[in-house]
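Some notes on the structure that comes next.
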Amino acid sequence: MRHSVVWMLLAGGLWGLDVCSVLAVLSNTSCIFPFSYVDGIHFSCTSIHSDYDWCSLDSTFRGRWRYCTAKDPPVCVFPFTFKKWCFRQCTKKGYVLGRSWCSLTHNFNKDRKWKQCSPQQ
């Protein structure tokens, strides 16, 4: 990934592009979750082929990406199905430690992608 940034900066200098504007647009563009990349579907930032977490700016990776920040956690999807229940908010059902969690897809039973919710939920 870092090689892409170097090439972009070099190309910008050679063709007179305003590299700072290009980088500002990319850094302010939202990550797309889930996105598909080499080894499958990603529901959060990944560090594949990089020293740092990054995300795709397209649902299918097409070379547009940016480094992740603390503002890029995976997002809960509501409503979601868990076992035979339908949830419209974080739940503690099924979590051994009694913490609240949510699904990252509409069907947890099928995809099994989840995240822990904040303690206030």
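To be explicit about the labels: the chains of the structure tokens are called A, B, and onward in the order shown, and within each one the residues are counted from 1, while ligands get numbers from 1 in the order they are shown.
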Practice problem: Within 12 Å of Phe87 in chain A, counting only C-alpha atoms, which residues show up once you throw out same-chain ones fewer than 2 positions away? Write them as a PyMOL selection string, please. | Solution: chain A and resi 76-85+89-93+100-103+105-108
Quiz item: Can you list, as a ChimeraX atom specification, every protein, DNA or RNA residue that comes within 6 Å of Phe61 in chain A when you count only C-alpha atoms, leaving out same-chain residues fewer than 3 positions away?
Solution: /A:37,56,58
Give me, as a PDB file with N, CA, C and O atoms, in the first residue's frame, all polymer residues having an atom no more than 10 Å from Ser36 in chain A, counting only C-alpha atoms and skipping those fewer than 4 positions away in the same chain.
ATOM      1  N   ILE A  32     -15.800   1.725   2.646  1.00  0.00           N
ATOM      2  CA  ILE A  32     -16.983   0.950   2.269  1.00  0.00           C
ATOM      3  C   ILE A  32     -16.878  -0.413   2.950  1.00  0.00           C
ATOM      4  O   ILE A  32     -15.898  -1.132   2.755  1.00  0.00           O
ATOM      5  N   GLY A  40     -11.190 -12.538   0.232  1.00  0.00           N
ATOM      6  CA  GLY A  40     -12.591 -12.643   0.617  1.00  0.00           C
ATOM      7  C   GLY A  40     -13.238 -11.313   0.943  1.00  0.00           C
ATOM      8  O   GLY A  40     -12.790 -10.256   0.494  1.00  0.00           O
ATOM      9  N   ILE A  41     -14.276 -11.376   1.758  1.00  0.00           N
ATOM     10  CA  ILE A  41     -15.073 -10.211   2.144  1.00  0.00           C
ATOM     11  C   ILE A  41     -14.549  -9.679   3.475  1.00  0.00           C
ATOM     12  O   ILE A  41     -14.343 -10.445   4.410  1.00  0.00           O
ATOM     13  N   HIS A  42     -14.369  -8.363   3.559  1.00  0.00           N
ATOM     14  CA  HIS A  42     -13.878  -7.718   4.780  1.00  0.00           C
ATOM     15  C   HIS A  42     -14.960  -6.805   5.349  1.00  0.00           C
ATOM     16  O   HIS A  42     -15.493  -5.960   4.643  1.00  0.00           O
ATOM     17  N   PHE A  43     -15.246  -6.996   6.638  1.00  0.00           N
ATOM     18  CA  PHE A  43     -16.261  -6.221   7.327  1.00  0.00           C
ATOM     19  C   PHE A  43     -15.653  -5.133   8.196  1.00  0.00           C
ATOM     20  O   PHE A  43     -16.356  -4.414   8.883  1.00  0.00           O
ATOM     21  N   SER A  56     -11.075  -0.248   1.677  1.00  0.00           N
ATOM     22  CA  SER A  56     -11.369   0.042   0.281  1.00  0.00           C
ATOM     23  C   SER A  56     -12.381   1.183   0.204  1.00  0.00           C
ATOM     24  O   SER A  56     -13.230   1.339   1.083  1.00  0.00           O
ATOM     25  N   ASP A  58     -14.284   1.267  -2.466  1.00  0.00           N
ATOM     26  CA  ASP A  58     -15.272   0.652  -3.353  1.00  0.00           C
ATOM     27  C   ASP A  58     -15.679  -0.695  -2.771  1.00  0.00           C
ATOM     28  O   ASP A  58     -14.897  -1.329  -2.064  1.00  0.00           O
ATOM     29  N   SER A  59     -16.889  -1.158  -3.065  1.00  0.00           N
ATOM     30  CA  SER A  59     -17.353  -2.429  -2.512  1.00  0.00           C
ATOM     31  C   SER A  59     -16.532  -3.612  -3.036  1.00  0.00           C
ATOM     32  O   SER A  59     -16.372  -4.610  -2.354  1.00  0.00           O
ATOM     33  N   THR A  60     -16.018  -3.511  -4.233  1.00  0.00           N
ATOM     34  CA  THR A  60     -15.046  -4.460  -4.758  1.00  0.00           C
ATOM     35  C   THR A  60     -13.770  -3.664  -4.980  1.00  0.00           C
ATOM     36  O   THR A  60     -13.784  -2.683  -5.726  1.00  0.00           O
ATOM     37  N   PHE A  61     -12.686  -4.052  -4.330  1.00  0.00           N
ATOM     38  CA  PHE A  61     -11.444  -3.286  -4.396  1.00  0.00           C
ATOM     39  C   PHE A  61     -11.007  -3.067  -5.838  1.00  0.00           C
ATOM     40  O   PHE A  61     -10.897  -4.014  -6.609  1.00  0.00           O
ATOM     41  N   ARG A  62     -10.806  -1.786  -6.193  1.00  0.00           N
ATOM     42  CA  ARG A  62     -10.386  -1.413  -7.548  1.00  0.00           C
ATOM     43  C   ARG A  62      -9.156  -0.519  -7.511  1.00  0.00           C
ATOM     44  O   ARG A  62      -8.929   0.253  -8.430  1.00  0.00           O
TER      45      ARG A  62
END
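Note that CA of Cys31 in chain A and CA of Arg99 in chain A are 26.7 Å apart.
Among the candidate residues A:Val75, A:Cys55, A:Cys86, A:Ile48, the one lying nearest to Ser30 in chain A is A:Cys55, with distances computed using only C-alpha atoms.
With CA of Pro74 in chain A on one side and CA of Gln116 in chain A on the other, the separation reads 10.2 Å.
Between CA of Asp39 in chain A and CA of Trp114 in chain A there is a distance of 18.9 Å.
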Quiz prompt | Top pick for closest residue to Leu104 in chain A, considering A:Thr46, A:Cys68, A:Pro73, A:Tyr52 and counting only C-alpha atoms | solution = A:Pro73
Exercise. Write out as a ChimeraX atom specification all residues of range 27-117 of chain A that DSSP puts in alpha helix (DSSP H) for this structure's backbone.
Key: /A:27-28,108-111
